[in-house]
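> Next up is a structure, given as structure tokens.
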2 protein chains.
Amino acid sequence: MNSPVKIDRFPANPLFRPEDIQPSQPNLKIMCSFNPGAILFQGKRLLLLRVAEMAIPDEGCVATPIFDPETGEVHIQQFKKDDPDLEVPDPRFFKHKGKIYLTSLSHLRIATSEDGLDFTIDEGPSIFPVGPYETFGIEDARITEIEGTYYINYTAASDFGVVTSLITTTDFRKFERKGIIFGPDNKDVAIFPEKIDGRYQAFHRPAVVHTGKPSIWTASSTDMLDWGRHEYVIGPRSGHWDCERVGAGSAPIKTPEGWLAFYHAADYSTRYCLGLLLLDLKKPSKVLARSEEPFFVPETPYECEGGFMPNVVFHNGTIAPGDGTVELYYGGGDLVTCGARVQLSDLLSHLK
Amino acid sequence: MNSPVKIDRFPANPLFRPEDIQPSQPNLKIMCSFNPGAILFQGKRLLLLRVAEMAIPDEGCVATPIFDPETGEVHIQQFKKDDPDLEVPDPRFFKHKGKIYLTSLSHLRIATSEDGLDFTIDEGPSIFPVGPYETFGIEDARITEIEGTYYINYTAASDFGVVTSLITTTDFRKFERKGIIFGPDNKDVAIFPEKIDGRYQAFHRPAVVHTGKPSIWTASSTDMLDWGRHEYVIGPRSGHWDCERVGAGSAPIKTPEGWLAFYHAADYSTRYCLGLLLLDLKKPSKVLARSEEPFFVPETPYECEGGFMPNVVFHNGTIAPGDGTVELYYGGGDLVTCGARVQLSDLLSHLK
């Protein structure tokens, strides 16, 4: 049995709801604002939110906003609801003649806070889709600082599949695109904050279709672009809270005991909770400890009532200011942006 | 409309049937011998066959042979056919309590020929599973020679998923394992016979679960171990012979017009045919030409009557002796090993 972790949700939660955010263009509407990457930048908390925008359909239609890499514009495609070739199995997507379309197009947007209490969000997108691999949007950024460079990895979706791509920045104004680092389908990539044995390290979550279930792997790289030495870390556990799929959260935290890593997991009912891993400092595929029970579960209305899905806490941004506290930034109910404060010592005790 | 390619199937086809091959141990039975990698080695044709072995189940049972990485031995696991937790949806695998087990365990075995007419096969395995990522076997080798080193990539299956791993050799006696080069799920990797712009090149076929269908991508590498710069090449075409999935065949052939590449594709009925691509010499993700119709379709009894699946030609081994002919080694009906001779000029005309 793991010891519980005291979760101090921010009183201002949810920090961002869809109605707090300006659409990127007049014919789009904010559907969700969630799953922020997070980092301390020049003494400020900086969040990189996923902002999902929908198109407003004509009466009797469903609509999909698609980024057009040729024109650089968002193209809105509509289908009649009574079209016999249309299937709408899920609020996140629909199918027409077997081809999948997302109901929203996501971009990344910066929000900042001086004190970790009040956050203000930019009026427009910070990072918008570019090129053929991002036509269905860009999602769920993780930010890792290594020697003054900020590495932003994110999920990019298109007709070609779901890939993880990389952007670097030093100032969060100019962004340098580095392209795909993990080919399809791969998401939930989290880059470690330092090299091990001369190689950059990352968690990734490749798709499996034949045997196995969606699991966390590590890979490493000399240049952050070409990745290899893939190793399995953990997978779903039958009958547990993490039985269906697992994926890494933010960059792990280095502690004397090992790498403290966060992960999210879904059960059969797609309830998303958060767990912890302690990994060997020199060989991060080696698991020293793992949460038997989740340390963070959906409890509040803004976590239990959903946008795309109810009963979700999904975390991909952590700030550890160095005073023994750890701030977790997360998406609640697949709809809104939230924050919570925990004690690092509590997290480590949980794993003992 | 593509011009047809004259296919001279070898008169000795099938070159290897299951009954021609010695099992690796007395309690296993050869189920299929197919999908050979191929190379000219010291003037001889060398094939690296996939040999799939099954366990003989007790009366009223199904059995799975599993490689045990702890002991290095094959462990045979059995389930009662009337077990309510057992599902047998396919001759290739069954499920127990939702977990997948393969009905066979594959290894790789060398066959050689002085003249390309008579082939002899080794009595035992050349490359057998090793380690935790190969417990369900190793399959479908491709061989590429670069400057005297032979790079053998193959599909490895386990509970962790389906990955592509690499072995190098200079003599086909001593094999050096290089580990996973493409994480799960990824198969149908084919390494180019030379570097482009200082980087090794490969086709790969990653799994997609959300959007898109199984498609051919390229990636490149400086050391053959860490791979990046992933680019989409081709995917299935709705309503065509290659509508369901596509994957690369052997290493492509360099011609003055471009890289001539082979691919297999399945349609909705899982009939597997072969097609061709012509790719830009400097940028192999750029498609110059593609087969509208397959150049090679299952026609003979040994292609149309199946082991795992009927109506299959699956090619992953090519030998171009330099006289204008091209020898294609392939699996027929997912059961036997076959060969066919074509003219290089015919293949290029087909794409014009």
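Simple scheme: letters A, B, ... for chains in structure tokens order, numbers from 1 for residues in each chain, numbers from 1 for ligands in the order shown.
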Residues of chain B within 6 Å of chain A, counting only C-alpha atoms, what are they? List them as a list in words.
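Result: Ile100, Asp159, Phe160, Gly161, Pro184, Asp185, Pro206, Val208, Thr211, Gly212, Leu225, Asp226, Trp227 and Gly228 of chain B.
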> Show which residues sit within 10 Å of His350 in chain B, as a list in words. Count only C-alpha atoms, and ignore same-chain residues fewer than 6 positions away.
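Close residues of His350 in chain B: Met1, Asn2, Ser3, Pro4, Val5, Gly275, Leu276, Ala289, Arg290, Ser291, Glu292, Glu293, Pro294, Phe295 and Leu344 of chain B.
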> Any chance you could dump chain A, least-squares fitted to chain B on all C-alpha atoms in order, as an mmCIF file with C-alpha atoms, in the first residue's frame?

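Written out: out29.cif:
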data_model
loop_
_atom_site.group_PDB
_atom_site.id
_atom_site.type_symbol
_atom_site.label_atom_id
_atom_site.label_comp_id
_atom_site.auth_asym_id
_atom_site.auth_seq_id
_atom_site.Cartn_x
_atom_site.Cartn_y
_atom_site.Cartn_z
ATOM 1 C CA MET A 1 -1.842 1.200 -67.316
ATOM 2 C CA ASN A 2 1.508 -0.391 -66.451
ATOM 3 C CA SER A 3 3.188 -2.699 -68.934
ATOM 4 C CA PRO A 4 3.250 -6.278 -67.605
ATOM 5 C CA VAL A 5 6.403 -7.875 -66.199
ATOM 6 C CA LYS A 6 7.221 -11.390 -67.417
ATOM 7 C CA ILE A 7 7.566 -13.551 -64.297
ATOM 8 C CA ASP A 8 9.661 -16.734 -64.718
ATOM 9 C CA ARG A 9 8.849 -18.740 -61.628
ATOM 10 C CA PHE A 10 11.611 -21.246 -60.822
ATOM 11 C CA PRO A 11 10.721 -24.741 -62.123
ATOM 12 C CA ALA A 12 11.788 -26.154 -58.748
ATOM 13 C CA ASN A 13 9.190 -24.094 -56.854
ATOM 14 C CA PRO A 14 8.408 -24.362 -54.084
ATOM 15 C CA LEU A 15 12.097 -24.394 -53.162
ATOM 16 C CA PHE A 16 11.317 -25.286 -49.552
ATOM 17 C CA ARG A 17 8.203 -26.779 -48.086
ATOM 18 C CA PRO A 18 7.808 -27.450 -44.359
ATOM 19 C CA GLU A 19 8.512 -31.184 -44.872
ATOM 20 C CA ASP A 20 11.942 -30.382 -46.383
ATOM 21 C CA ILE A 21 13.191 -28.886 -43.135
ATOM 22 C CA GLN A 22 14.476 -30.381 -39.879
ATOM 23 C CA PRO A 23 12.844 -28.971 -36.743
ATOM 24 C CA SER A 24 15.184 -27.204 -34.324
ATOM 25 C CA GLN A 25 14.217 -29.699 -31.589
ATOM 26 C CA PRO A 26 12.276 -32.994 -31.482
ATOM 27 C CA ASN A 27 9.119 -31.663 -29.823
ATOM 28 C CA LEU A 28 8.539 -29.025 -32.509
ATOM 29 C CA LYS A 29 7.124 -29.422 -36.008
ATOM 30 C CA ILE A 30 7.785 -27.158 -39.012
ATOM 31 C CA MET A 31 4.653 -25.194 -39.833
ATOM 32 C CA CYS A 32 5.950 -22.847 -42.586
ATOM 33 C CA SER A 33 9.268 -22.046 -44.272
ATOM 34 C CA PHE A 34 8.949 -18.792 -46.112
ATOM 35 C CA ASN A 35 9.777 -15.086 -46.584
ATOM 36 C CA PRO A 36 13.540 -15.402 -47.167
ATOM 37 C CA GLY A 37 16.038 -12.588 -47.119
ATOM 38 C CA ALA A 38 18.550 -13.076 -49.964
ATOM 39 C CA ILE A 39 22.048 -11.951 -50.939
ATOM 40 C CA LEU A 40 24.946 -12.946 -53.189
ATOM 41 C CA PHE A 41 27.672 -14.109 -50.774
ATOM 42 C CA GLN A 42 31.055 -15.352 -52.017
ATOM 43 C CA GLY A 43 29.505 -16.083 -55.416
ATOM 44 C CA LYS A 44 26.687 -18.187 -53.914
ATOM 45 C CA ARG A 45 23.027 -17.361 -53.489
ATOM 46 C CA LEU A 46 22.385 -17.212 -49.757
ATOM 47 C CA LEU A 47 18.834 -17.224 -48.408
ATOM 48 C CA LEU A 48 17.888 -16.544 -44.810
ATOM 49 C CA LEU A 49 14.541 -18.301 -44.426
ATOM 50 C CA ARG A 50 11.951 -17.712 -41.784
ATOM 51 C CA VAL A 51 11.225 -21.130 -40.298
ATOM 52 C CA ALA A 52 8.031 -21.176 -38.213
ATOM 53 C CA GLU A 53 7.732 -24.080 -35.780
ATOM 54 C CA MET A 54 4.682 -25.223 -33.869
ATOM 55 C CA ALA A 55 4.352 -27.340 -30.762
ATOM 56 C CA ILE A 56 2.336 -30.538 -31.028
ATOM 57 C CA PRO A 57 -0.552 -30.070 -28.609
ATOM 58 C CA ASP A 58 -2.008 -32.756 -26.370
ATOM 59 C CA GLU A 59 -5.445 -34.100 -27.382
ATOM 60 C CA GLY A 60 -8.081 -31.371 -26.895
ATOM 61 C CA CYS A 61 -5.524 -28.582 -26.433
ATOM 62 C CA VAL A 62 -3.933 -25.690 -28.273
ATOM 63 C CA ALA A 63 -0.219 -25.077 -27.745
ATOM 64 C CA THR A 64 2.173 -22.170 -28.093
ATOM 65 C CA PRO A 65 5.971 -22.435 -28.191
ATOM 66 C CA ILE A 66 7.536 -19.482 -26.347
ATOM 67 C CA PHE A 67 11.218 -18.660 -26.139
ATOM 68 C CA ASP A 68 12.274 -18.259 -22.511
ATOM 69 C CA PRO A 69 15.024 -15.620 -22.295
ATOM 70 C CA GLU A 70 16.042 -16.786 -18.805
ATOM 71 C CA THR A 71 16.832 -20.395 -19.714
ATOM 72 C CA GLY A 72 17.396 -19.926 -23.460
ATOM 73 C CA GLU A 73 14.960 -22.784 -24.072
ATOM 74 C CA VAL A 74 11.620 -23.104 -25.821
ATOM 75 C CA HIS A 75 8.815 -23.493 -23.330
ATOM 76 C CA ILE A 76 5.553 -25.049 -24.527
ATOM 77 C CA GLN A 77 2.387 -23.662 -23.002
ATOM 78 C CA GLN A 78 -0.958 -25.410 -23.520
ATOM 79 C CA PHE A 79 -4.581 -24.425 -23.028
ATOM 80 C CA LYS A 80 -7.675 -26.652 -23.132
ATOM 81 C CA LYS A 81 -9.778 -26.015 -26.245
ATOM 82 C CA ASP A 82 -12.930 -25.894 -24.080
ATOM 83 C CA ASP A 83 -11.425 -23.255 -21.748
ATOM 84 C CA PRO A 84 -14.037 -20.445 -21.732
ATOM 85 C CA ASP A 85 -11.189 -17.876 -21.605
ATOM 86 C CA LEU A 86 -9.761 -19.151 -24.909
ATOM 87 C CA GLU A 87 -10.437 -17.499 -28.293
ATOM 88 C CA VAL A 88 -8.951 -18.837 -31.550
ATOM 89 C CA PRO A 89 -9.687 -16.141 -34.158
ATOM 90 C CA ASP A 90 -6.886 -16.932 -36.632
ATOM 91 C CA PRO A 91 -4.430 -19.784 -37.500
ATOM 92 C CA ARG A 92 -1.529 -17.471 -36.543
ATOM 93 C CA PHE A 93 -2.530 -16.746 -32.957
ATOM 94 C CA PHE A 94 -5.006 -17.315 -30.171
ATOM 95 C CA LYS A 95 -6.020 -15.351 -27.100
ATOM 96 C CA HIS A 96 -6.288 -16.497 -23.512
ATOM 97 C CA LYS A 97 -7.825 -14.036 -21.043
ATOM 98 C CA GLY A 98 -7.294 -11.365 -23.689
ATOM 99 C CA LYS A 99 -3.535 -12.019 -23.949
ATOM 100 C CA ILE A 100 -2.198 -12.966 -27.375
ATOM 101 C CA TYR A 101 -0.124 -16.099 -28.016
ATOM 102 C CA LEU A 102 1.337 -17.062 -31.397
ATOM 103 C CA THR A 103 0.775 -20.608 -32.637
ATOM 104 C CA SER A 104 4.351 -20.729 -33.954
ATOM 105 C CA LEU A 105 7.843 -19.577 -33.033
ATOM 106 C CA SER A 106 10.023 -18.466 -35.948
ATOM 107 C CA HIS A 107 13.779 -18.509 -36.340
ATOM 108 C CA LEU A 108 16.068 -17.738 -39.290
ATOM 109 C CA ARG A 109 17.899 -20.426 -41.224
ATOM 110 C CA ILE A 110 20.432 -20.300 -44.049
ATOM 111 C CA ALA A 111 19.982 -22.031 -47.396
ATOM 112 C CA THR A 112 22.569 -21.740 -50.165
ATOM 113 C CA SER A 113 22.900 -22.484 -53.865
ATOM 114 C CA GLU A 114 25.879 -22.478 -56.208
ATOM 115 C CA ASP A 115 23.788 -22.111 -59.357
ATOM 116 C CA GLY A 116 20.477 -20.604 -58.266
ATOM 117 C CA LEU A 117 18.762 -23.874 -59.168
ATOM 118 C CA ASP A 118 19.482 -26.326 -56.366
ATOM 119 C CA PHE A 119 19.351 -25.016 -52.831
ATOM 120 C CA THR A 120 20.407 -26.813 -49.679
ATOM 121 C CA ILE A 121 19.268 -25.742 -46.251
ATOM 122 C CA ASP A 122 21.142 -25.956 -42.967
ATOM 123 C CA GLU A 123 20.034 -28.634 -40.523
ATOM 124 C CA GLY A 124 19.669 -26.199 -37.653
ATOM 125 C CA PRO A 125 18.835 -22.555 -36.994
ATOM 126 C CA SER A 126 21.337 -19.876 -37.994
ATOM 127 C CA ILE A 127 19.797 -17.150 -35.852
ATOM 128 C CA PHE A 128 17.529 -18.083 -32.960
ATOM 129 C CA PRO A 129 15.630 -15.765 -30.593
ATOM 130 C CA VAL A 130 17.659 -14.139 -27.803
ATOM 131 C CA GLY A 131 16.424 -11.923 -24.968
ATOM 132 C CA PRO A 132 13.097 -10.535 -23.830
ATOM 133 C CA TYR A 133 12.062 -8.843 -27.097
ATOM 134 C CA GLU A 134 12.163 -12.092 -29.128
ATOM 135 C CA THR A 135 10.070 -14.493 -27.018
ATOM 136 C CA PHE A 136 7.469 -14.926 -29.798
ATOM 137 C CA GLY A 137 10.134 -15.395 -32.458
ATOM 138 C CA ILE A 138 12.092 -13.606 -35.183
ATOM 139 C CA GLU A 139 10.745 -13.172 -38.697
ATOM 140 C CA ASP A 140 11.177 -11.878 -42.253
ATOM 141 C CA ALA A 141 14.863 -10.969 -42.559
ATOM 142 C CA ARG A 142 16.200 -8.465 -45.084
ATOM 143 C CA ILE A 143 19.915 -8.496 -45.931
ATOM 144 C CA THR A 144 21.854 -5.486 -47.223
ATOM 145 C CA GLU A 145 25.577 -5.433 -47.997
ATOM 146 C CA ILE A 146 27.470 -2.207 -47.450
ATOM 147 C CA GLU A 147 31.260 -2.264 -47.890
ATOM 148 C CA GLY A 148 31.697 -5.924 -46.970
ATOM 149 C CA THR A 149 29.415 -5.893 -43.930
ATOM 150 C CA TYR A 150 26.053 -7.639 -44.163
ATOM 151 C CA TYR A 151 23.252 -5.912 -42.271
ATOM 152 C CA ILE A 152 20.406 -8.276 -41.372
ATOM 153 C CA ASN A 153 17.252 -6.641 -40.069
ATOM 154 C CA TYR A 154 14.353 -8.725 -38.877
ATOM 155 C CA THR A 155 11.028 -8.494 -37.061
ATOM 156 C CA ALA A 156 11.086 -9.574 -33.413
ATOM 157 C CA ALA A 157 7.847 -10.269 -31.564
ATOM 158 C CA SER A 158 7.142 -10.514 -27.851
ATOM 159 C CA ASP A 159 4.639 -9.437 -25.217
ATOM 160 C CA PHE A 160 6.264 -6.009 -25.551
ATOM 161 C CA GLY A 161 5.214 -5.610 -29.177
ATOM 162 C CA VAL A 162 6.683 -6.079 -32.635
ATOM 163 C CA VAL A 163 10.042 -4.375 -33.202
ATOM 164 C CA THR A 164 12.757 -4.377 -35.848
ATOM 165 C CA SER A 165 16.232 -5.409 -34.713
ATOM 166 C CA LEU A 166 19.601 -5.504 -36.439
ATOM 167 C CA ILE A 167 22.391 -8.063 -36.729
ATOM 168 C CA THR A 168 25.658 -7.627 -38.600
ATOM 169 C CA THR A 169 27.938 -10.300 -40.011
ATOM 170 C CA THR A 170 30.825 -10.581 -42.420
ATOM 171 C CA ASP A 171 30.784 -14.376 -42.822
ATOM 172 C CA PHE A 172 27.245 -15.606 -41.986
ATOM 173 C CA ARG A 173 28.737 -17.722 -39.195
ATOM 174 C CA LYS A 174 29.376 -15.166 -36.480
ATOM 175 C CA PHE A 175 26.470 -12.783 -35.951
ATOM 176 C CA GLU A 176 26.708 -9.588 -33.950
ATOM 177 C CA ARG A 177 23.465 -8.412 -32.353
ATOM 178 C CA LYS A 178 22.920 -4.663 -32.477
ATOM 179 C CA GLY A 179 19.521 -4.584 -30.759
ATOM 180 C CA ILE A 180 16.318 -2.788 -31.610
ATOM 181 C CA ILE A 181 16.582 -0.158 -34.343
ATOM 182 C CA PHE A 182 12.849 0.605 -34.734
ATOM 183 C CA GLY A 183 10.677 0.411 -31.616
ATOM 184 C CA PRO A 184 7.199 -1.111 -31.533
ATOM 185 C CA ASP A 185 5.238 -1.672 -33.656
ATOM 186 C CA ASN A 186 7.473 -1.558 -36.698
ATOM 187 C CA LYS A 187 8.261 -4.107 -39.398
ATOM 188 C CA ASP A 188 9.075 -4.304 -43.127
ATOM 189 C CA VAL A 189 12.333 -2.422 -42.676
ATOM 190 C CA ALA A 190 14.658 -2.466 -45.710
ATOM 191 C CA ILE A 191 18.086 -0.837 -45.555
ATOM 192 C CA PHE A 192 19.448 0.885 -48.670
ATOM 193 C CA PRO A 193 22.751 -0.473 -50.076
ATOM 194 C CA GLU A 194 24.560 2.863 -49.772
ATOM 195 C CA LYS A 195 24.493 6.111 -47.815
ATOM 196 C CA ILE A 196 22.838 9.225 -49.197
ATOM 197 C CA ASP A 197 24.380 12.526 -48.092
ATOM 198 C CA GLY A 198 26.420 10.699 -45.464
ATOM 199 C CA ARG A 199 23.455 8.966 -43.881
ATOM 200 C CA TYR A 200 22.255 5.364 -44.011
ATOM 201 C CA GLN A 201 18.701 5.091 -45.329
ATOM 202 C CA ALA A 202 15.901 2.652 -44.600
ATOM 203 C CA PHE A 203 12.265 2.050 -45.333
ATOM 204 C CA HIS A 204 10.135 1.239 -42.315
ATOM 205 C CA ARG A 205 6.479 0.488 -41.696
ATOM 206 C CA PRO A 206 5.301 1.869 -38.359
ATOM 207 C CA ALA A 207 1.920 0.934 -36.892
ATOM 208 C CA VAL A 208 -0.832 3.531 -36.810
ATOM 209 C CA VAL A 209 -3.933 3.222 -34.665
ATOM 210 C CA HIS A 210 -5.677 6.596 -34.775
ATOM 211 C CA THR A 211 -5.518 8.084 -38.260
ATOM 212 C CA GLY A 212 -4.022 6.695 -41.455
ATOM 213 C CA LYS A 213 -3.275 3.137 -42.552
ATOM 214 C CA PRO A 214 -0.058 1.052 -42.439
ATOM 215 C CA SER A 215 2.287 2.992 -44.743
ATOM 216 C CA ILE A 216 5.898 3.039 -45.898
ATOM 217 C CA TRP A 217 8.187 5.684 -44.372
ATOM 218 C CA THR A 218 11.890 6.420 -44.752
ATOM 219 C CA ALA A 219 14.303 7.243 -41.952
ATOM 220 C CA SER A 220 18.041 7.808 -41.912
ATOM 221 C CA SER A 221 20.961 7.317 -39.542
ATOM 222 C CA THR A 222 24.648 8.064 -39.150
ATOM 223 C CA ASP A 223 25.489 4.823 -37.327
ATOM 224 C CA MET A 224 22.688 2.372 -38.313
ATOM 225 C CA LEU A 225 21.519 2.350 -34.653
ATOM 226 C CA ASP A 226 19.894 5.729 -33.935
ATOM 227 C CA TRP A 227 17.296 6.668 -36.572
ATOM 228 C CA GLY A 228 15.563 9.948 -37.368
ATOM 229 C CA ARG A 229 14.343 12.296 -40.138
ATOM 230 C CA HIS A 230 11.218 10.197 -40.632
ATOM 231 C CA GLU A 231 9.359 10.894 -43.877
ATOM 232 C CA TYR A 232 6.204 9.411 -45.325
ATOM 233 C CA VAL A 233 6.646 7.709 -48.706
ATOM 234 C CA ILE A 234 3.433 5.898 -49.735
ATOM 235 C CA GLY A 235 0.283 4.555 -48.142
ATOM 236 C CA PRO A 236 -2.612 2.330 -49.149
ATOM 237 C CA ARG A 237 -4.881 3.613 -51.953
ATOM 238 C CA SER A 238 -8.597 3.247 -51.407
ATOM 239 C CA GLY A 239 -10.270 0.989 -53.988
ATOM 240 C CA HIS A 240 -6.933 -0.267 -55.364
ATOM 241 C CA TRP A 241 -5.123 -3.589 -55.061
ATOM 242 C CA ASP A 242 -2.997 -1.947 -52.313
ATOM 243 C CA CYS A 243 -5.915 -0.518 -50.305
ATOM 244 C CA GLU A 244 -5.341 -2.041 -46.889
ATOM 245 C CA ARG A 245 -1.635 -1.974 -46.037
ATOM 246 C CA VAL A 246 1.751 -1.607 -47.744
ATOM 247 C CA GLY A 247 5.281 -2.530 -46.699
ATOM 248 C CA ALA A 248 8.716 -2.470 -48.313
ATOM 249 C CA GLY A 249 10.317 -5.619 -49.718
ATOM 250 C CA SER A 250 14.066 -6.060 -49.991
ATOM 251 C CA ALA A 251 16.769 -3.387 -50.202
ATOM 252 C CA PRO A 252 16.067 -1.245 -53.284
ATOM 253 C CA ILE A 253 18.151 -1.449 -56.469
ATOM 254 C CA LYS A 254 20.034 1.632 -57.649
ATOM 255 C CA THR A 255 19.359 2.444 -61.307
ATOM 256 C CA PRO A 256 20.232 5.550 -63.337
ATOM 257 C CA GLU A 257 16.531 6.526 -63.249
ATOM 258 C CA GLY A 258 16.158 6.257 -59.478
ATOM 259 C CA TRP A 259 15.886 3.756 -56.633
ATOM 260 C CA LEU A 260 13.812 0.790 -57.800
ATOM 261 C CA ALA A 261 11.955 -0.464 -54.752
ATOM 262 C CA PHE A 262 9.648 -3.435 -54.258
ATOM 263 C CA TYR A 263 6.646 -3.385 -51.998
ATOM 264 C CA HIS A 264 3.947 -5.779 -50.934
ATOM 265 C CA ALA A 265 0.360 -4.768 -50.325
ATOM 266 C CA ALA A 266 -2.788 -6.375 -49.023
ATOM 267 C CA ASP A 267 -6.314 -5.608 -50.134
ATOM 268 C CA TYR A 268 -9.485 -5.941 -48.034
ATOM 269 C CA SER A 269 -9.469 -9.738 -48.530
ATOM 270 C CA THR A 270 -5.783 -9.889 -47.373
ATOM 271 C CA ARG A 271 -4.641 -10.981 -50.844
ATOM 272 C CA TYR A 272 -0.956 -9.982 -51.001
ATOM 273 C CA CYS A 273 0.519 -8.769 -54.317
ATOM 274 C CA LEU A 274 3.766 -7.018 -55.238
ATOM 275 C CA GLY A 275 4.245 -3.530 -56.650
ATOM 276 C CA LEU A 276 7.120 -1.256 -57.608
ATOM 277 C CA LEU A 277 8.282 2.243 -56.789
ATOM 278 C CA LEU A 278 10.809 4.489 -58.462
ATOM 279 C CA LEU A 279 12.278 6.956 -55.978
ATOM 280 C CA ASP A 280 14.495 9.993 -56.317
ATOM 281 C CA LEU A 281 18.165 9.000 -56.010
ATOM 282 C CA LYS A 282 19.001 11.875 -53.644
ATOM 283 C CA LYS A 283 15.714 12.006 -51.736
ATOM 284 C CA PRO A 284 14.190 8.536 -51.517
ATOM 285 C CA SER A 285 10.966 9.759 -49.892
ATOM 286 C CA LYS A 286 10.149 11.415 -53.240
ATOM 287 C CA VAL A 287 8.106 9.043 -55.425
ATOM 288 C CA LEU A 288 8.808 9.336 -59.170
ATOM 289 C CA ALA A 289 6.585 6.422 -60.224
ATOM 290 C CA ARG A 290 4.363 3.756 -58.634
ATOM 291 C CA SER A 291 2.633 0.631 -59.938
ATOM 292 C CA GLU A 292 -0.993 1.302 -60.784
ATOM 293 C CA GLU A 293 -1.459 -2.467 -61.017
ATOM 294 C CA PRO A 294 0.616 -5.093 -59.200
ATOM 295 C CA PHE A 295 3.396 -6.619 -61.303
ATOM 296 C CA PHE A 296 3.252 -9.938 -59.441
ATOM 297 C CA VAL A 297 0.069 -11.598 -58.175
ATOM 298 C CA PRO A 298 -0.616 -15.009 -56.575
ATOM 299 C CA GLU A 299 -1.492 -17.440 -59.386
ATOM 300 C CA THR A 300 0.024 -20.875 -58.783
ATOM 301 C CA PRO A 301 -1.372 -23.428 -56.291
ATOM 302 C CA TYR A 302 1.619 -22.845 -53.972
ATOM 303 C CA GLU A 303 0.750 -19.126 -53.867
ATOM 304 C CA CYS A 304 -3.031 -19.435 -53.751
ATOM 305 C CA GLU A 305 -3.347 -22.220 -51.192
ATOM 306 C CA GLY A 306 -2.273 -21.171 -47.812
ATOM 307 C CA GLY A 307 -0.494 -21.927 -44.609
ATOM 308 C CA PHE A 308 -1.241 -18.973 -42.373
ATOM 309 C CA MET A 309 -3.056 -17.257 -45.276
ATOM 310 C CA PRO A 310 -3.928 -18.156 -48.895
ATOM 311 C CA ASN A 311 -3.369 -15.849 -51.902
ATOM 312 C CA VAL A 312 -0.057 -14.440 -50.794
ATOM 313 C CA VAL A 313 3.151 -13.484 -52.538
ATOM 314 C CA PHE A 314 5.387 -11.788 -49.966
ATOM 315 C CA HIS A 315 8.835 -10.758 -51.087
ATOM 316 C CA ASN A 316 11.796 -9.675 -48.957
ATOM 317 C CA GLY A 317 14.830 -11.048 -50.817
ATOM 318 C CA THR A 318 16.276 -9.914 -54.146
ATOM 319 C CA ILE A 319 19.452 -10.926 -55.954
ATOM 320 C CA ALA A 320 20.579 -8.940 -59.002
ATOM 321 C CA PRO A 321 23.565 -10.889 -60.401
ATOM 322 C CA GLY A 322 24.456 -8.033 -62.751
ATOM 323 C CA ASP A 323 23.400 -9.648 -66.054
ATOM 324 C CA GLY A 324 20.165 -7.711 -66.349
ATOM 325 C CA THR A 325 18.116 -10.324 -64.523
ATOM 326 C CA VAL A 326 16.639 -9.949 -61.077
ATOM 327 C CA GLU A 327 15.835 -12.925 -58.867
ATOM 328 C CA LEU A 328 12.959 -12.445 -56.458
ATOM 329 C CA TYR A 329 12.779 -14.786 -53.486
ATOM 330 C CA TYR A 330 9.402 -14.849 -51.814
ATOM 331 C CA GLY A 331 6.959 -16.633 -49.593
ATOM 332 C CA GLY A 332 4.058 -18.363 -51.362
ATOM 333 C CA GLY A 333 0.693 -18.761 -49.624
ATOM 334 C CA ASP A 334 2.343 -17.802 -46.317
ATOM 335 C CA LEU A 335 3.712 -21.359 -46.301
ATOM 336 C CA VAL A 336 6.584 -22.124 -48.705
ATOM 337 C CA THR A 337 9.754 -20.546 -50.148
ATOM 338 C CA CYS A 338 9.781 -19.696 -53.858
ATOM 339 C CA GLY A 339 11.854 -17.912 -56.473
ATOM 340 C CA ALA A 340 11.168 -16.121 -59.738
ATOM 341 C CA ARG A 341 13.300 -14.398 -62.364
ATOM 342 C CA VAL A 342 12.406 -11.090 -64.007
ATOM 343 C CA GLN A 343 14.248 -8.658 -66.278
ATOM 344 C CA LEU A 344 15.380 -5.361 -64.748
ATOM 345 C CA SER A 345 14.377 -3.612 -67.996
ATOM 346 C CA ASP A 346 10.851 -5.052 -67.646
ATOM 347 C CA LEU A 347 10.558 -3.674 -64.114
ATOM 348 C CA LEU A 348 11.632 -0.213 -65.248
ATOM 349 C CA SER A 349 9.310 -0.303 -68.287
ATOM 350 C CA HIS A 350 6.434 -1.260 -65.991
ATOM 351 C CA LEU A 351 6.860 2.074 -64.212
ATOM 352 C CA LYS A 352 6.939 4.199 -67.384
#
